[in-house]
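Asker: coords.cif is the file, holding mmCIF, C-alpha atoms:
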```
data_query
loop_
_atom_site.label_atom_id
_atom_site.label_comp_id
_atom_site.auth_asym_id
_atom_site.auth_seq_id
_atom_site.Cartn_x
_atom_site.Cartn_y
_atom_site.Cartn_z
CA MET T 1 -123.08 32.91 -1.20
CA ILE T 2 -121.46 35.72 -3.21
CA GLU T 3 -124.89 37.18 -3.99
CA LEU T 4 -125.76 37.09 -0.28
CA MET T 5 -122.55 38.95 0.55
CA ARG T 6 -123.29 41.56 -2.11
CA ALA T 7 -126.79 42.00 -0.72
CA GLY T 8 -125.42 42.50 2.79
CA ILE T 9 -122.84 45.01 1.59
CA GLY T 10 -125.50 46.81 -0.45
CA PHE T 11 -127.82 47.08 2.56
CA VAL T 12 -125.08 48.44 4.81
CA LEU T 13 -123.84 50.94 2.22
CA GLN T 14 -127.30 52.25 1.39
CA LEU T 15 -128.14 52.57 5.09
CA ALA T 16 -124.86 54.45 5.57
CA VAL T 17 -125.75 56.80 2.71
CA PHE T 18 -129.16 57.57 4.22
CA PHE T 19 -127.67 58.08 7.68
CA THR T 20 -124.86 60.36 6.54
CA ALA T 21 -127.11 62.42 4.27
CA GLY T 22 -129.64 62.82 7.08
CA SER T 23 -126.91 63.71 9.59
CA LEU T 24 -125.61 66.44 7.27
CA LEU T 25 -129.13 67.83 6.86
CA MET T 26 -129.68 67.83 10.63
CA LYS T 27 -126.42 69.71 11.10
CA ALA T 28 -127.42 72.24 8.46
CA LEU T 29 -130.79 72.71 10.18
CA LYS T 30 -129.11 72.86 13.64
CA MET T 31 -131.15 69.91 14.87
CA LYS T 32 -129.97 67.68 17.69
CA GLN T 33 -128.35 64.58 16.22
CA ASP T 34 -130.70 61.60 16.44
CA THR T 35 -129.83 58.34 14.71
CA SER T 36 -133.34 57.26 13.75
CA MET T 37 -134.34 60.74 12.58
CA ALA T 38 -131.10 61.00 10.58
CA VAL T 39 -131.97 57.82 8.67
CA ILE T 40 -135.52 59.06 7.99
CA LEU T 41 -134.43 62.49 6.80
CA GLY T 42 -131.60 61.00 4.77
CA TYR T 43 -133.97 58.52 3.12
CA LEU T 44 -136.42 61.27 2.14
CA LEU T 45 -133.64 63.64 1.07
CA TYR T 46 -131.94 60.95 -1.01
CA PHE T 47 -135.03 60.08 -3.04
CA SER T 48 -135.97 63.76 -3.41
CA VAL T 49 -132.59 64.59 -4.94
CA PHE T 50 -132.55 61.34 -6.93
CA GLU T 51 -135.91 62.24 -8.49
CA LEU T 52 -134.74 65.70 -9.51
CA VAL T 53 -131.53 64.35 -11.05
CA THR T 54 -132.72 61.10 -12.62
CA VAL T 55 -135.87 62.11 -14.50
CA PRO T 56 -134.08 64.67 -16.74
CA MET T 57 -131.24 62.19 -17.32
CA THR T 58 -133.76 59.52 -18.32
CA LEU T 59 -135.56 61.82 -20.75
CA MET T 60 -132.19 62.78 -22.30
CA TRP T 61 -131.37 59.08 -22.93
CA VAL T 62 -128.32 59.06 -20.67
CA PRO T 63 -126.94 55.48 -20.44
CA LEU T 64 -127.13 53.74 -17.08
CA LYS T 65 -123.41 53.07 -16.61
CA PRO T 66 -122.07 56.67 -16.74
CA PHE T 67 -125.04 57.90 -14.73
CA SER T 68 -124.40 55.27 -12.06
CA ALA T 69 -120.71 56.18 -11.95
CA GLY T 70 -121.52 59.86 -11.51
CA TRP T 71 -124.12 59.13 -8.83
CA GLY T 72 -121.68 56.85 -7.00
CA ILE T 73 -119.02 59.57 -6.96
CA PHE T 74 -121.56 62.06 -5.65
CA LEU T 75 -122.58 59.69 -2.83
CA ALA T 76 -118.95 59.05 -1.94
CA LEU T 77 -118.35 62.80 -1.65
CA VAL T 78 -121.42 63.14 0.58
CA MET T 79 -120.18 60.40 2.91
CA ILE T 80 -116.64 61.80 3.06
CA THR T 81 -118.02 65.26 3.85
CA ALA T 82 -120.18 63.82 6.62
CA VAL T 83 -117.23 62.01 8.19
CA LEU T 84 -115.09 65.17 8.14
CA LEU T 85 -117.83 67.39 9.58
CA LEU T 86 -119.57 65.03 12.00
CA LYS T 87 -116.95 62.65 13.38
CA LYS T 88 -116.86 64.56 16.67
CA GLN T 89 -120.64 64.37 17.15
CA TRP T 90 -120.68 60.70 16.21
CA SER T 91 -117.91 59.97 18.72
CA GLU T 92 -119.96 61.67 21.43
CA GLN T 93 -123.00 59.60 20.47
CA LEU T 94 -120.97 56.39 20.71
CA ARG T 95 -119.76 57.34 24.19
CA LYS T 96 -123.38 57.68 25.29
CA ILE T 97 -124.34 54.26 23.97
CA ARG T 98 -124.73 52.88 27.50
CA SER T 99 -127.53 55.30 28.23
CA VAL T 100 -129.57 53.77 25.41
CA GLY T 101 -130.20 50.64 27.46
CA ARG T 102 -131.49 52.64 30.42
CA GLU T 103 -133.81 54.72 28.23
CA HIS T 104 -135.30 51.73 26.41
CA SER T 105 -134.75 48.74 28.75
CA TRP T 106 -135.62 45.32 27.31
CA LEU T 107 -138.28 46.88 25.08
CA LEU T 108 -135.56 47.90 22.63
CA LEU T 109 -134.71 44.22 22.10
CA LEU T 110 -138.40 43.44 21.60
CA ALA T 111 -138.80 46.22 19.04
CA ALA T 112 -135.61 45.13 17.25
CA ALA T 113 -136.90 41.53 17.11
CA VAL T 114 -140.23 42.74 15.70
CA VAL T 115 -138.46 44.73 12.97
CA ALA T 116 -136.22 41.76 12.16
CA LEU T 117 -139.29 39.52 11.87
CA GLN T 118 -140.94 41.98 9.50
CA CYS T 119 -137.79 42.05 7.36
CA MET T 120 -137.85 38.25 7.16
CA ILE T 121 -141.52 38.26 6.15
CA VAL T 122 -141.03 40.73 3.28
CA VAL T 123 -137.79 39.11 2.10
CA PHE T 124 -139.16 35.58 1.90
CA TYR T 125 -142.66 36.40 0.63
CA GLN T 126 -143.08 35.65 -3.09
CA ASP T 127 -145.27 38.03 -5.07
CA THR T 128 -145.93 37.43 -8.78
CA THR T 129 -148.40 40.19 -9.63
CA ALA T 130 -148.23 42.51 -12.64
CA ASP T 131 -146.78 45.22 -10.42
CA ALA T 132 -144.06 42.82 -9.30
CA THR T 133 -143.21 42.27 -12.95
CA TYR T 134 -142.92 46.01 -13.52
CA TYR T 135 -140.82 46.92 -10.48
CA VAL T 136 -138.34 44.09 -11.03
CA GLY T 137 -138.61 44.01 -14.83
CA THR T 138 -137.78 47.69 -15.21
CA VAL T 139 -134.65 47.23 -13.12
CA SER T 140 -133.64 44.13 -15.07
CA THR T 141 -134.16 45.61 -18.55
CA SER T 142 -132.28 48.75 -17.53
CA VAL T 143 -129.33 46.86 -16.01
CA TYR T 144 -128.91 44.32 -18.81
CA THR T 145 -129.31 46.84 -21.64
CA GLY T 146 -127.36 49.65 -19.99
CA THR T 147 -130.26 52.07 -20.46
CA MET T 148 -132.78 53.88 -18.26
CA CYS T 149 -136.46 53.00 -18.78
CA ARG T 150 -135.95 52.45 -22.53
CA TYR T 151 -137.43 48.93 -22.67
CA ASP T 152 -140.87 47.57 -21.86
CA PRO T 153 -140.48 45.50 -18.66
CA TYR T 154 -143.34 43.17 -19.70
CA THR T 155 -142.17 42.32 -23.22
CA GLY T 156 -138.55 43.43 -23.39
CA SER T 157 -139.23 45.44 -26.56
CA LEU T 158 -137.76 48.90 -27.18
CA LEU T 159 -140.24 51.64 -26.28
CA LYS T 160 -141.16 54.22 -28.91
CA LYS T 161 -142.06 56.72 -26.19
CA PHE T 162 -141.64 56.85 -22.44
CA GLN T 163 -144.63 55.71 -20.42
CA ALA T 164 -145.99 58.84 -18.72
CA ARG T 165 -147.32 56.83 -15.81
CA TYR T 166 -143.88 55.52 -14.86
CA VAL T 167 -141.11 57.71 -16.27
CA PHE T 168 -141.57 60.45 -13.66
CA SER T 169 -141.16 57.99 -10.77
CA ALA T 170 -137.46 57.20 -10.52
CA TYR T 171 -137.56 54.62 -7.70
CA PRO T 172 -136.82 51.60 -9.96
CA MET T 173 -133.79 53.45 -11.34
CA HIS T 174 -132.42 53.69 -7.80
CA ASN T 175 -132.33 49.89 -7.73
CA ALA T 176 -130.81 49.78 -11.21
CA VAL T 177 -128.04 52.17 -10.17
CA TRP T 178 -127.09 50.11 -7.15
CA CYS T 179 -127.17 46.92 -9.21
CA GLU T 180 -124.76 48.60 -11.60
CA LEU T 181 -122.49 49.87 -8.81
CA LEU T 182 -122.25 46.66 -6.77
CA GLY T 183 -123.18 43.92 -9.24
CA ILE T 184 -126.22 42.89 -7.21
CA HIS T 185 -128.83 40.86 -9.10
CA PRO T 186 -131.90 43.06 -9.86
CA ILE T 187 -134.36 40.79 -8.08
CA VAL T 188 -132.12 40.66 -4.99
CA GLN T 189 -131.70 44.44 -4.85
CA SER T 190 -135.40 45.08 -5.48
CA LYS T 191 -137.05 42.38 -3.41
CA THR T 192 -134.49 41.73 -0.69
CA VAL T 193 -132.21 44.67 -0.02
CA MET T 194 -134.68 47.50 -0.54
CA SER T 195 -137.61 45.58 0.92
CA ALA T 196 -135.71 45.25 4.19
CA MET T 197 -134.57 48.88 3.97
CA ASN T 198 -138.11 50.11 3.40
CA VAL T 199 -139.38 48.11 6.38
CA LEU T 200 -136.66 49.56 8.59
CA THR T 201 -137.42 53.12 7.50
CA ALA T 202 -141.16 52.69 7.98
CA ASN T 203 -140.62 51.40 11.52
CA LEU T 204 -138.29 54.29 12.35
CA ILE T 205 -141.04 56.71 11.32
CA ILE T 206 -143.53 54.85 13.54
CA TYR T 207 -140.99 55.05 16.37
CA GLN T 208 -140.61 58.81 15.89
CA ILE T 209 -144.40 59.22 15.85
CA GLY T 210 -144.50 57.34 19.15
CA LYS T 211 -141.88 59.61 20.67
CA ARG T 212 -143.89 62.66 19.62
CA LEU T 213 -147.18 61.28 20.93
CA PHE T 214 -145.78 60.09 24.28
CA ASP T 215 -143.62 63.06 25.31
CA ASN T 216 -140.31 61.55 24.18
CA ASP T 217 -140.89 58.37 26.22
CA LYS T 218 -138.72 55.91 24.29
CA LYS T 219 -140.15 52.84 26.01
CA LYS T 220 -143.67 53.73 24.90
CA ALA T 221 -142.34 54.47 21.42
CA ASP T 222 -140.81 50.97 21.31
CA LEU T 223 -144.16 49.51 22.33
CA MET T 224 -145.88 51.50 19.61
CA VAL T 225 -143.64 49.87 17.01
CA CYS T 226 -144.72 46.46 18.33
CA PHE T 227 -148.44 47.31 18.45
CA VAL T 228 -148.47 48.82 14.95
CA PHE T 229 -146.81 45.62 13.73
CA LEU T 230 -149.69 43.58 15.19
CA LEU T 231 -152.24 46.01 13.76
CA GLN T 232 -150.79 45.71 10.25
CA LEU T 233 -150.35 41.96 10.52
CA PHE T 234 -154.00 41.33 11.40
CA THR T 235 -155.66 43.90 9.13
CA ASN T 236 -154.79 42.14 5.92
CA THR T 237 -157.18 43.23 3.18
CA ILE T 238 -156.49 44.74 -0.24
CA TYR T 239 -157.39 48.17 1.12
CA THR T 240 -154.98 48.41 4.09
CA SER T 241 -151.38 49.56 4.29
CA GLY T 242 -150.53 46.29 6.06
CA THR T 243 -151.04 44.32 2.85
CA PHE T 244 -148.65 46.56 0.96
CA PHE T 245 -146.26 46.51 3.90
CA PHE T 246 -145.89 42.73 4.09
CA THR T 247 -146.46 41.61 0.51
CA ARG T 248 -145.32 44.50 -1.70
CA ALA T 249 -142.63 46.29 0.31
CA TYR T 250 -140.47 46.72 -2.81
CA GLU T 251 -143.14 48.70 -4.71
CA GLY T 252 -143.46 52.45 -4.87
CA LYS T 253 -147.12 52.33 -3.85
CA SER T 254 -146.13 50.59 -0.64
CA LEU T 255 -143.70 53.42 0.12
CA LEU T 256 -146.53 55.91 -0.26
CA ALA T 257 -148.64 54.03 2.26
CA ASN T 258 -145.90 53.17 4.74
CA VAL T 259 -143.26 55.89 4.41
CA ALA T 260 -144.56 59.07 2.73
CA ILE T 261 -148.00 59.29 4.37
CA PRO T 262 -146.71 58.36 7.88
CA ALA T 263 -144.01 61.02 7.37
CA VAL T 264 -146.81 63.52 6.67
CA LEU T 265 -148.52 62.35 9.89
CA LEU T 266 -145.26 62.87 11.79
CA CYS T 267 -145.00 66.39 10.38
CA SER T 268 -148.63 67.07 11.33
CA ILE T 269 -147.92 66.09 14.94
CA TRP T 270 -144.81 68.27 14.79
CA PHE T 271 -146.99 71.18 13.62
CA TRP T 272 -149.59 70.48 16.30
CA GLN T 273 -146.84 70.69 18.93
CA LYS T 274 -145.98 74.15 17.60
CA GLU T 275 -142.54 73.20 16.32
CA GLU T 276 -142.53 74.59 12.80
CA LYS T 277 -138.90 75.55 12.28
CA ASN T 278 -137.83 72.38 10.44
CA MET T 279 -141.22 70.72 9.96
CA TRP T 280 -141.85 72.33 6.58
CA ILE T 281 -138.56 71.05 5.22
CA MET T 282 -139.33 67.47 6.21
CA LEU T 283 -142.86 67.79 4.82
CA PHE T 284 -141.51 69.04 1.49
CA LEU T 285 -139.01 66.16 1.36
CA ALA T 286 -141.81 63.66 2.07
CA SER T 287 -143.81 65.20 -0.77
CA MET T 288 -140.89 65.29 -3.21
CA SER T 289 -139.77 61.74 -2.45
CA ALA T 290 -143.36 60.51 -2.88
CA VAL T 291 -143.21 61.55 -6.54
CA CYS T 292 -140.08 59.41 -6.86
CA PHE T 293 -141.91 56.43 -5.36
CA SER T 294 -145.09 56.36 -7.45
CA GLY T 295 -147.40 58.30 -9.74
CA SER T 296 -150.10 57.75 -7.13
CA SER T 297 -148.29 60.40 -5.08
CA ILE T 298 -151.01 62.88 -6.07
CA ILE T 299 -152.84 61.55 -3.00
CA LEU T 300 -150.33 63.40 -0.83
CA VAL T 301 -152.05 66.68 -1.70
CA ALA T 302 -155.10 65.42 0.22
CA ALA T 303 -152.92 63.95 3.00
CA ILE T 304 -151.05 67.22 3.54
CA ALA T 305 -154.26 69.25 3.49
CA ALA T 306 -155.95 66.87 5.94
CA GLY T 307 -152.99 66.91 8.32
CA ILE T 308 -152.08 70.59 8.28
CA PHE T 309 -155.08 72.71 7.22
CA PRO T 310 -157.41 72.02 10.22
CA MET T 311 -154.73 72.97 12.76
CA LEU T 312 -153.75 75.94 10.63
CA CYS T 313 -157.32 77.21 10.91
CA MET T 314 -157.60 76.43 14.64
CA ARG T 315 -154.45 78.42 15.37
CA ARG T 316 -155.37 81.16 12.87
CA LYS T 317 -151.98 80.91 11.18
CA PHE T 318 -153.32 81.61 7.71
CA LEU T 319 -149.95 82.71 6.35
CA SER T 320 -148.85 79.10 6.79
CA ILE T 321 -151.04 78.28 3.79
CA ILE T 322 -148.11 79.44 1.64
CA PRO T 323 -145.54 76.85 2.85
CA MET T 324 -148.31 74.22 2.91
CA CYS T 325 -149.03 74.86 -0.77
CA LEU T 326 -145.31 74.83 -1.56
CA CYS T 327 -145.13 71.35 -0.02
CA MET T 328 -147.84 70.25 -2.44
CA LEU T 329 -145.94 71.66 -5.41
CA PRO T 330 -144.11 68.43 -6.41
CA GLU T 331 -147.43 66.62 -6.86
CA VAL T 332 -148.93 69.56 -8.79
CA VAL T 333 -145.95 69.68 -11.17
CA TYR T 334 -146.11 65.91 -11.63
CA PHE T 335 -149.83 66.09 -12.42
CA LEU T 336 -149.30 68.82 -15.02
CA LEU T 337 -146.51 66.87 -16.71
CA TYR T 338 -148.53 63.66 -16.66
CA TYR T 339 -151.65 65.39 -17.99
CA SER T 340 -149.61 67.03 -20.76
CA ALA T 341 -148.16 63.68 -21.79
CA LYS T 342 -151.51 61.86 -21.73
CA THR T 343 -153.26 64.55 -23.76
CA GLY T 344 -150.48 64.76 -26.33
CA LEU T 345 -149.31 68.28 -25.50
CA PHE T 346 -145.84 66.81 -25.00
CA VAL T 347 -144.45 63.54 -26.31
CA PHE T 348 -141.55 62.07 -24.39
CA ALA T 349 -139.88 60.04 -27.13
CA ALA T 350 -137.80 57.03 -26.11
CA SER T 351 -136.48 55.96 -29.51
#
```
As structure tokens, what does this structure read like?

Answerer:
Amino acid sequence: MIELMRAGIGFVLQLAVFFTAGSLLMKALKMKQDTSMAVILGYLLYFSVFELVTVPMTLMWVPLKPFSAGWGIFLALVMITAVLLLKKQWSEQLRKIRSVGREHSWLLLLAAAVVALQCMIVVFYQDTTADATYYVGTVSTSVYTGTMCRYDPYTGSLLKKFQARYVFSAYPMHNAVWCELLGIHPIVQSKTVMSAMNVLTANLIIYQIGKRLFDNDKKKADLMVCFVFLLQLFTNTIYTSGTFFFTRAYEGKSLLANVAIPAVLLCSIWFWQKEEKNMWIMLFLASMSAVCFSGSSIILVAAIAAGIFPMLCMRRKFLSIIPMCLCMLPEVVYFLLYYSAKTGLFVFAAS
């Protein structure tokens, strides 16, 4: 019962962090406050910043406990700042809550039920693959030894050097930090709390794609969430995003397929609709956060090129190649670091 309460508190707090961080970013960008978009932007911003902060700390052998304390203080300051700066806007949004029912009708309840069902599926599904061992094992060895990626998650032995394939992807350390802050069991944080959070975020991105495709018709966007759920549920092969969505929602690769790449698609639609002002920022955050999720993020170079380059040529906006390439930069830097480590140009010692 205590573990369940901790999991619930952890889910609410992490959702609050994503929402407040996204709300602050939207205010900075002078975007109209939107709850679902705030969560999406906050989620991408959080993991982008976490990647930039955590990887150097890991390579410098910083212990988990002081790092978690520092990160917790930073998040608390972000939330306090958001409350001080945005309480007026949030109050106005709460006063308009009645209009939500008119804009969505009963379809909002249907979409909410579909998302809740997906959360139940990913929370109760048991996966015992090698990847499951890594994503939970890395969190466990880090939490119970007070270190960051210093121990082999498969054997528990001390690593002589950091594994180049994994050390640059800080997503497991996010779970370790929250386990340290709230005392949540690693398997609960990894497979329950964040699985549900990842499902929620993925569905919010699908909802935003629906709004963009259907001229801000929220009812059609709700229906799109439901139809994409059916599509993923009944296209269950090892090659589809639906498999990762329902069976491996706690893994970084799943976040590439169901968060990062759909975010790129959302940005591509944004670009197609000739709204570029803030699109590049979201695209860069999707790219940066993808590196945090998994080393397979190199695929985002192709995804960004496929989504942006054709329209760039059609509209003859060739100068936009520059921001497009900048959005690919996180993957390029990751590849260079990984290649250097694998070829022995650099050795990232762990002991």

Asker: For a test of reading the model, state the distance in Å between CA of Ala21 in chain T and CA of Gly42 in chain T, rounded to one decimal.

Answerer: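 Going from CA of Ala21 in chain T over to CA of Gly42 in chain T covers 4.7 Å.
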
Asker: Select, from T:Ser68, T:Ile209, T:Cys313, T:Ala290, the residue with the minimum atom-to-atom distance to Ile269 in chain T, counting all atoms listed in the file.

Answerer: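 Of T:Ser68, T:Ile209, T:Cys313, T:Ala290, the one nearest Ile269 in chain T, counting all atoms listed in the file, is T:Ile209.
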
Asker: Pull the neighbourhood of (-155.5, 63.8, -0.6) for me: all residues within 12 Å in file coordinates, counting all atoms listed in the file, as a list in words.

Answerer: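 Looking at atoms near the point gives Leu256, Ile261, Val264, Ser287, Ser296, Ser297, Ile298, Ile299, Leu300, Val301, Ala302, Ala303, Ile304, Ala305, Ala306, Gly307, Ile308, Phe309, Met328, Glu331 and Val332 of chain T.
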
Asker: Would you please work out which residue, of T:Leu94, T:Gly295, T:Val259, T:Val53, is nearest to Leu204 in chain T when using only C-alpha atoms?

Answerer: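 With only C-alpha atoms as the atom set, the closest residue is T:Val259.
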
Asker: Just want the 12 Å neighbourhood of Leu285 in chain T, counted on only C-alpha atoms, with same-chain residues fewer than 4 positions away dropped. Output as a PDB file with C-alpha atoms, keeping the file's coordinate frame.

Answerer:
```pdb
ATOM      1  CA  GLY T  22    -129.640  62.820   7.080  1.00  0.00           C
ATOM      2  CA  LEU T  25    -129.130  67.830   6.860  1.00  0.00           C
ATOM      3  CA  ILE T  40    -135.520  59.060   7.990  1.00  0.00           C
ATOM      4  CA  LEU T  41    -134.430  62.490   6.800  1.00  0.00           C
ATOM      5  CA  GLY T  42    -131.600  61.000   4.770  1.00  0.00           C
ATOM      6  CA  TYR T  43    -133.970  58.520   3.120  1.00  0.00           C
ATOM      7  CA  LEU T  44    -136.420  61.270   2.140  1.00  0.00           C
ATOM      8  CA  LEU T  45    -133.640  63.640   1.070  1.00  0.00           C
ATOM      9  CA  TYR T  46    -131.940  60.950  -1.010  1.00  0.00           C
ATOM     10  CA  PHE T  47    -135.030  60.080  -3.040  1.00  0.00           C
ATOM     11  CA  SER T  48    -135.970  63.760  -3.410  1.00  0.00           C
ATOM     12  CA  VAL T  49    -132.590  64.590  -4.940  1.00  0.00           C
ATOM     13  CA  PHE T  50    -132.550  61.340  -6.930  1.00  0.00           C
ATOM     14  CA  GLU T  51    -135.910  62.240  -8.490  1.00  0.00           C
ATOM     15  CA  LEU T  52    -134.740  65.700  -9.510  1.00  0.00           C
ATOM     16  CA  VAL T 259    -143.260  55.890   4.410  1.00  0.00           C
ATOM     17  CA  ALA T 260    -144.560  59.070   2.730  1.00  0.00           C
ATOM     18  CA  ILE T 261    -148.000  59.290   4.370  1.00  0.00           C
ATOM     19  CA  ALA T 263    -144.010  61.020   7.370  1.00  0.00           C
ATOM     20  CA  VAL T 264    -146.810  63.520   6.670  1.00  0.00           C
ATOM     21  CA  CYS T 267    -145.000  66.390  10.380  1.00  0.00           C
ATOM     22  CA  ASN T 278    -137.830  72.380  10.440  1.00  0.00           C
ATOM     23  CA  MET T 279    -141.220  70.720   9.960  1.00  0.00           C
ATOM     24  CA  TRP T 280    -141.850  72.330   6.580  1.00  0.00           C
ATOM     25  CA  ILE T 281    -138.560  71.050   5.220  1.00  0.00           C
ATOM     26  CA  SER T 289    -139.770  61.740  -2.450  1.00  0.00           C
ATOM     27  CA  ALA T 290    -143.360  60.510  -2.880  1.00  0.00           C
ATOM     28  CA  VAL T 291    -143.210  61.550  -6.540  1.00  0.00           C
ATOM     29  CA  CYS T 292    -140.080  59.410  -6.860  1.00  0.00           C
ATOM     30  CA  LEU T 300    -150.330  63.400  -0.830  1.00  0.00           C
ATOM     31  CA  LEU T 326    -145.310  74.830  -1.560  1.00  0.00           C
ATOM     32  CA  CYS T 327    -145.130  71.350  -0.020  1.00  0.00           C
ATOM     33  CA  MET T 328    -147.840  70.250  -2.440  1.00  0.00           C
ATOM     34  CA  LEU T 329    -145.940  71.660  -5.410  1.00  0.00           C
ATOM     35  CA  PRO T 330    -144.110  68.430  -6.410  1.00  0.00           C
ATOM     36  CA  GLU T 331    -147.430  66.620  -6.860  1.00  0.00           C
TER      37      GLU T 331
END
```

Asker: Using all atoms listed in the file, pick whichever of T:Tyr334, T:Tyr151, T:Tyr125, T:Phe74 has the shortest atom-to-atom distance to Thr243 in chain T.

Answerer: T:Tyr125

Asker: Which residues are close to range 250-254 of chain T, i.e. within 9 Å by only C-alpha atoms, leaving aside same-chain residues fewer than 5 positions away? Reply as number ranges by chain.

Answerer: T: 122, 131-132, 135-136, 169, 171-172, 190-196, 198, 241, 243-245, 259, 290, 292-297

Asker: Store the residues picked out above in a file with C-alpha atoms, as an mmCIF file, keeping the file's coordinate frame.

Answerer:
```
data_model
loop_
_atom_site.group_PDB
_atom_site.id
_atom_site.type_symbol
_atom_site.label_atom_id
_atom_site.label_comp_id
_atom_site.auth_asym_id
_atom_site.auth_seq_id
_atom_site.Cartn_x
_atom_site.Cartn_y
_atom_site.Cartn_z
ATOM 1 C CA VAL T 122 -141.030 40.730 3.280
ATOM 2 C CA ASP T 131 -146.780 45.220 -10.420
ATOM 3 C CA ALA T 132 -144.060 42.820 -9.300
ATOM 4 C CA TYR T 135 -140.820 46.920 -10.480
ATOM 5 C CA VAL T 136 -138.340 44.090 -11.030
ATOM 6 C CA SER T 169 -141.160 57.990 -10.770
ATOM 7 C CA TYR T 171 -137.560 54.620 -7.700
ATOM 8 C CA PRO T 172 -136.820 51.600 -9.960
ATOM 9 C CA SER T 190 -135.400 45.080 -5.480
ATOM 10 C CA LYS T 191 -137.050 42.380 -3.410
ATOM 11 C CA THR T 192 -134.490 41.730 -0.690
ATOM 12 C CA VAL T 193 -132.210 44.670 -0.020
ATOM 13 C CA MET T 194 -134.680 47.500 -0.540
ATOM 14 C CA SER T 195 -137.610 45.580 0.920
ATOM 15 C CA ALA T 196 -135.710 45.250 4.190
ATOM 16 C CA ASN T 198 -138.110 50.110 3.400
ATOM 17 C CA SER T 241 -151.380 49.560 4.290
ATOM 18 C CA THR T 243 -151.040 44.320 2.850
ATOM 19 C CA PHE T 244 -148.650 46.560 0.960
ATOM 20 C CA PHE T 245 -146.260 46.510 3.900
ATOM 21 C CA VAL T 259 -143.260 55.890 4.410
ATOM 22 C CA ALA T 290 -143.360 60.510 -2.880
ATOM 23 C CA CYS T 292 -140.080 59.410 -6.860
ATOM 24 C CA PHE T 293 -141.910 56.430 -5.360
ATOM 25 C CA SER T 294 -145.090 56.360 -7.450
ATOM 26 C CA GLY T 295 -147.400 58.300 -9.740
ATOM 27 C CA SER T 296 -150.100 57.750 -7.130
ATOM 28 C CA SER T 297 -148.290 60.400 -5.080
#
```

Asker: Nearest to Ile80 in chain T among T:His185, T:Met197, T:Val17, T:Gly242, with distances taken over all atoms listed in the file: which residue is it?

Answerer: T:Val17

Asker: Within 12 Å of Leu109 in chain T, counting all atoms listed in the file, which residues qualify if same-chain residues fewer than 2 places away don't, as a short mmCIF file (atom, residue, chain, number, x, y, z; two decimals) with C-alpha atoms, keeping the file's coordinate frame?

Answerer:
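Contents of selection10.cif, freshly written:
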```cif
data_model
loop_
_atom_site.label_atom_id
_atom_site.label_comp_id
_atom_site.auth_asym_id
_atom_site.auth_seq_id
_atom_site.Cartn_x
_atom_site.Cartn_y
_atom_site.Cartn_z
CA VAL T 100 -129.57 53.77 25.41
CA GLY T 101 -130.20 50.64 27.46
CA HIS T 104 -135.30 51.73 26.41
CA SER T 105 -134.75 48.74 28.75
CA TRP T 106 -135.62 45.32 27.31
CA LEU T 107 -138.28 46.88 25.08
CA ALA T 111 -138.80 46.22 19.04
CA ALA T 112 -135.61 45.13 17.25
CA ALA T 113 -136.90 41.53 17.11
CA VAL T 114 -140.23 42.74 15.70
CA VAL T 115 -138.46 44.73 12.97
CA ALA T 116 -136.22 41.76 12.16
CA LYS T 219 -140.15 52.84 26.01
CA ASP T 222 -140.81 50.97 21.31
CA LEU T 223 -144.16 49.51 22.33
CA VAL T 225 -143.64 49.87 17.01
CA CYS T 226 -144.72 46.46 18.33
#
```

Asker: Please provide as a list of chain:residue names all residues within 12 Å of Lys342 in chain T, with the sequence filter that same-chain residues fewer than 5 positions apart are discarded (counting all atoms listed in the file).

Answerer: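 The filter keeps T:Lys161, T:Phe162, T:Gln163, T:Ala164, T:Arg165, T:Phe335, T:Leu336, T:Leu337, T:Val347, T:Phe348.
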
Asker: In Å to one decimal, how far is CA of Thr247 in chain T from CA of Leu265 in chain T?

Answerer: 22.9 Å

Asker: Where does the PyMOL selection byres ((chain T and resi 182) around 12) land in this file, that is, which residues does it pick, as an MDAnalysis selection string?

Answerer: chainID T and resid 2:3 5:11 13:14 65 68:69 72 143 175:181 183:186 188:189
